[in-house]
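Structure file target_17.txt; described as compact mmCIF, C-alpha atoms.
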```
# COMPACT_ATOMS: atom_id res chain seq x y z
CA MET A 125 5.42 -23.39 -1.35
CA GLU A 126 4.32 -22.18 2.07
CA ASP A 127 5.45 -18.78 3.36
CA LYS A 128 7.38 -20.32 6.26
CA GLN A 129 9.35 -22.44 3.81
CA ILE A 130 10.15 -19.40 1.65
CA ILE A 131 11.27 -17.42 4.70
CA ALA A 132 13.43 -20.36 5.77
CA LEU A 133 15.10 -20.22 2.34
CA TYR A 134 15.94 -16.57 2.95
CA HIS A 135 17.39 -17.46 6.34
CA ARG A 136 19.52 -20.18 4.73
CA ARG A 137 20.61 -17.63 2.08
CA SER A 138 19.31 -19.84 -0.72
CA GLU A 139 18.86 -18.04 -4.04
CA GLN A 140 15.78 -20.22 -4.56
CA ALA A 141 14.04 -17.87 -2.09
CA ILE A 142 13.85 -15.15 -4.76
CA ALA A 143 12.44 -17.53 -7.38
CA GLU A 144 9.82 -18.87 -4.96
CA THR A 145 8.92 -15.35 -3.85
CA ASP A 146 8.47 -14.25 -7.45
CA ALA A 147 6.38 -17.32 -8.27
CA LYS A 148 4.03 -16.77 -5.32
CA TYR A 149 3.96 -12.96 -4.88
CA GLY A 150 5.47 -11.51 -8.05
CA ALA A 151 2.09 -10.68 -9.62
CA LEU A 152 0.92 -8.92 -6.45
CA CYS A 153 4.12 -6.88 -6.16
CA ARG A 154 4.03 -5.94 -9.85
CA SER A 155 0.38 -4.90 -9.52
CA ILE A 156 1.10 -2.63 -6.54
CA ALA A 157 4.11 -1.04 -8.24
CA GLN A 158 2.32 -0.63 -11.59
CA ASN A 159 -0.73 0.97 -9.96
CA ILE A 160 1.45 3.54 -8.24
CA LEU A 161 4.01 4.21 -10.97
CA SER A 162 2.11 3.59 -14.23
CA ILE A 163 5.42 2.90 -16.00
CA ARG A 164 6.12 -0.80 -16.47
CA GLU A 165 9.92 -0.47 -16.41
CA ASP A 166 9.87 1.50 -13.15
CA ALA A 167 7.44 -1.00 -11.65
CA GLU A 168 9.73 -3.92 -12.59
CA GLU A 169 12.70 -2.17 -11.00
CA CYS A 170 10.71 -1.65 -7.78
CA VAL A 171 9.76 -5.33 -7.71
CA ASN A 172 13.42 -6.30 -8.13
CA ASP A 173 14.34 -3.82 -5.39
CA THR A 174 11.65 -5.44 -3.22
CA TYR A 175 13.32 -8.84 -3.57
CA HIS A 176 16.70 -7.30 -2.79
CA SER A 177 15.31 -5.55 0.29
CA ALA A 178 13.66 -8.79 1.46
CA TRP A 179 17.01 -10.56 1.00
CA LEU A 180 18.74 -7.95 3.16
CA GLN A 181 16.06 -7.93 5.87
CA MET A 182 15.75 -11.71 6.31
CA PRO A 183 17.58 -12.62 8.49
CA PRO A 184 17.17 -11.24 11.11
CA GLN A 185 13.47 -10.58 10.46
CA TRP A 186 10.94 -13.40 10.34
CA PRO A 187 7.73 -11.76 9.03
CA ARG A 188 4.39 -13.09 10.25
CA SER A 189 2.85 -12.42 6.85
CA LEU A 190 5.20 -12.60 3.88
CA GLN A 191 2.50 -11.15 1.63
CA ALA A 192 2.06 -8.05 3.82
CA PHE A 193 5.84 -7.75 4.30
CA LEU A 194 6.50 -7.78 0.55
CA GLY A 195 3.48 -5.57 -0.19
CA ARG A 196 4.68 -2.94 2.25
CA ILE A 197 8.21 -2.95 0.83
CA THR A 198 6.90 -2.71 -2.75
CA ARG A 199 4.49 0.08 -1.90
CA ASN A 200 7.11 2.12 -0.03
CA LEU A 201 9.70 1.68 -2.78
CA SER A 202 7.14 2.58 -5.44
CA ILE A 203 6.04 5.71 -3.62
CA SER A 204 9.70 6.74 -3.19
CA ARG A 205 10.31 6.17 -6.90
CA PHE A 206 7.15 8.11 -7.74
CA ARG A 207 8.27 11.06 -5.63
CA ALA A 208 11.72 11.05 -7.21
CA ASN A 209 10.23 10.90 -10.70
CA HIS A 210 7.54 13.44 -9.88
CA ALA A 211 10.14 15.86 -8.57
CA ARG A 212 11.55 15.74 -12.09
CA LYS A 213 8.00 16.22 -13.47
CA ARG A 214 8.02 12.92 -15.38
CA TYR A 215 4.43 11.90 -14.64
CA ALA A 216 1.63 12.20 -12.09
CA GLY A 217 0.10 8.70 -11.66
CA LEU A 218 -0.16 8.69 -7.86
CA GLU A 219 -1.04 12.34 -7.34
CA LEU A 220 -4.81 11.97 -7.82
CA MET A 221 -5.11 8.97 -5.51
CA LEU A 222 -3.17 10.68 -2.71
CA SER A 223 -4.98 13.99 -3.16
CA GLU A 224 -8.28 12.18 -2.51
CA LEU A 225 -7.08 11.38 1.02
CA ASP A 226 -5.79 14.89 1.81
CA GLU A 227 -8.96 16.02 3.54
CA CYS A 228 -9.32 13.00 5.84
CA ILE A 229 -5.70 12.08 6.69
CA PRO A 230 -3.82 14.79 8.58
CA ASP A 231 -0.47 16.19 7.50
CA PRO A 232 2.37 14.04 8.96
CA ARG A 233 3.90 17.05 10.73
CA ASP A 234 0.59 17.67 12.52
CA VAL A 235 0.20 14.00 13.36
CA GLU A 236 3.54 14.02 15.20
CA GLN A 237 2.23 16.82 17.38
CA ILE A 238 -1.17 15.23 18.06
CA VAL A 239 -1.07 11.47 17.61
CA ASP A 240 1.94 9.32 16.89
CA GLY A 241 1.88 7.34 13.65
CA ARG A 242 1.12 4.02 15.31
CA GLN A 243 -1.93 5.42 17.05
CA LEU A 244 -3.21 6.86 13.78
CA SER A 245 -2.61 3.52 12.10
CA ALA A 246 -4.50 1.74 14.87
CA LEU A 247 -7.43 4.16 14.52
CA ILE A 248 -7.59 3.64 10.75
CA SER A 249 -7.41 -0.13 11.23
CA ARG A 250 -10.25 0.04 13.77
CA TRP A 251 -12.33 2.10 11.33
CA LEU A 252 -11.60 -0.37 8.51
CA ASP A 253 -12.54 -3.32 10.74
CA ALA A 254 -15.95 -1.73 11.38
CA LEU A 255 -16.72 -1.36 7.67
CA PRO A 256 -18.75 -3.94 5.76
CA GLY A 257 -16.47 -6.32 3.84
CA GLU A 258 -17.12 -4.89 0.37
CA GLU A 259 -16.49 -1.29 1.43
CA ARG A 260 -13.32 -2.28 3.32
CA THR A 261 -12.06 -4.14 0.27
CA LEU A 262 -12.77 -1.16 -2.01
CA PHE A 263 -11.01 1.26 0.32
CA ILE A 264 -7.92 -0.96 0.70
CA ARG A 265 -7.73 -1.76 -3.00
CA ARG A 266 -7.95 1.96 -3.86
CA TYR A 267 -5.68 3.46 -1.22
CA TRP A 268 -3.26 0.64 -0.41
CA TYR A 269 -2.95 -1.25 -3.70
CA GLY A 270 -3.62 1.85 -5.82
CA ASP A 271 -6.25 0.28 -8.08
CA SER A 272 -7.94 2.76 -10.41
CA LEU A 273 -11.62 3.62 -10.11
CA ARG A 274 -12.15 2.07 -13.55
CA THR A 275 -10.64 -1.20 -12.33
CA LEU A 276 -12.72 -1.20 -9.15
CA ALA A 277 -16.01 -0.07 -10.72
CA GLY A 278 -17.36 -3.53 -11.54
CA ASP A 279 -21.16 -3.23 -11.88
CA CYS A 280 -21.29 0.54 -11.39
CA THR A 281 -19.78 3.43 -13.31
CA PRO A 282 -16.49 5.01 -12.23
CA ALA A 283 -18.45 8.17 -11.37
CA GLN A 284 -20.75 6.22 -9.04
CA LEU A 285 -17.75 4.56 -7.44
CA ALA A 286 -16.01 7.94 -7.05
CA GLN A 287 -19.06 9.14 -5.08
CA ARG A 288 -18.97 5.99 -2.94
CA MET A 289 -15.25 6.49 -2.24
CA TYR A 290 -15.94 10.14 -1.35
CA ARG A 291 -18.50 9.00 1.24
CA LEU A 292 -16.00 6.53 2.69
CA ARG A 293 -13.35 9.25 2.98
CA ARG A 294 -15.89 11.52 4.73
CA GLN A 295 -16.72 8.68 7.15
CA LEU A 296 -13.01 8.22 7.87
CA LYS A 297 -12.58 11.94 8.46
CA THR A 298 -15.57 12.04 10.82
CA PHE A 299 -14.30 8.99 12.69
CA LEU A 300 -10.79 10.41 13.11
CA GLU A 301 -12.16 13.75 14.30
CA SER A 302 -14.40 11.95 16.83
CA GLU A 303 -11.26 10.21 18.13
CA GLY A 304 -9.54 13.54 18.71
CA VAL A 305 -7.33 13.70 15.63
CA VAL A 306 -7.08 17.28 14.43
CA LEU A 307 -7.15 17.49 10.64
```

Now, as a test, write the supplied structure out as structure tokens.
Amino acid sequence: MEDKQIIALYHRRSEQAIAETDAKYGALCRSIAQNILSIREDAEECVNDTYHSAWLQMPPQWPRSLQAFLGRITRNLSISRFRANHARKRYAGLELMLSELDECIPDPRDVEQIVDGRQLSALISRWLDALPGEERTLFIRRYWYGDSLRTLAGDCTPAQLAQRMYRLRRQLKTFLESEGVVL
């Protein structure tokens, strides 16, 4: 079913919208949640919460990209769940991935003083657009979808990929600094 048809089901308040959403985007949402949380039960709860949030937001919203809309909701809910669980010291699945970005993404409090969040997002998008396709895909899969280095390694070793990701983060840091973002 096409995204516009699924969104129309939400606007008509048809329960079929959830089933169609799960059929088309359930695997993606579960993958995002699982990569961030590492606990299947928590990931499933976040996916269910994603569907509930989508139900509450449509109407009035009519997302241009249902995939991006659901991905963003799942990612945000999963990160919130991770933080709540991590505060209770249950596990540390996301900590390594986020710590890798510490040196090239400024602290949110500093960003508010220097560049508002939308400007930073636009700068990162511009940097990503300038990357070759394979490097852009690796960066997004690692830092948006939360894929592990082992999963992304493919033909190279995880250590080689870690070095490649390090170079990408350094490039991002250099780019942001050249654009006036203080890190």

Could you check which residues have any atom within 12 Å of (3.4, -11.4, -7.6), counting all atoms listed in the file with coordinates taken straight from the file, and then list them as a ChimeraX atom specification? /A:142-158,167-168,171-172,174-175,190-192,194-195,198

Which is closest to Asn159 of chain A among A:Leu255, A:Ile131, A:Leu273, A:Ile197, if we use all atoms listed in the file?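 Ranking A:Leu255, A:Ile131, A:Leu273, A:Ile197 by distance to Asn159 of chain A, first place goes to A:Leu273.
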
Quick check, in Å to one decimal: how far apart do atom CA of Gln140 of chain A and atom CA of Phe206 of chain A lie?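 The value is 29.8 Å.
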
Using all atoms listed in the file: which of A:Arg242, A:Glu139, A:Leu161, A:Leu247 has the shortest distance to Val305 of chain A: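 Closest residue, counting all atoms listed in the file: A:Leu247.
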
Do you have the atom CA of Lys297 of chain A-atom CA of Trp268 of chain A distance handy?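 Separation of atom CA of Lys297 of chain A and atom CA of Trp268 of chain A: 17.1 Å.
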
Provide the atom CA of Leu276 of chain A to atom CA of Asn200 of chain A distance in Å, to one decimal place.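 Result for atom CA of Leu276 of chain A versus atom CA of Asn200 of chain A: 22.1 Å, one decimal.
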
From the options A:Ala254, A:Ile163, A:Met182, A:Ile203, which residue's atoms come nearest to Gln295 of chain A, counting all atoms listed in the file?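 So, comparing all the options, the nearest one is A:Ala254.
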
Excluding same-chain residues fewer than 5 positions from Arg137 of chain A, what lies within 9 Å of it counting all atoms listed in the file, as a compact mmCIF listing (two decimals) with C-alpha atoms, in the frame of the given file?
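So the final result, stored in selection-v7.txt, reads:
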```
# COMPACT_ATOMS: atom_id res chain seq x y z
CA ALA A 132 13.43 -20.36 5.77
CA TRP A 179 17.01 -10.56 1.00
CA MET A 182 15.75 -11.71 6.31
CA PRO A 183 17.58 -12.62 8.49
```
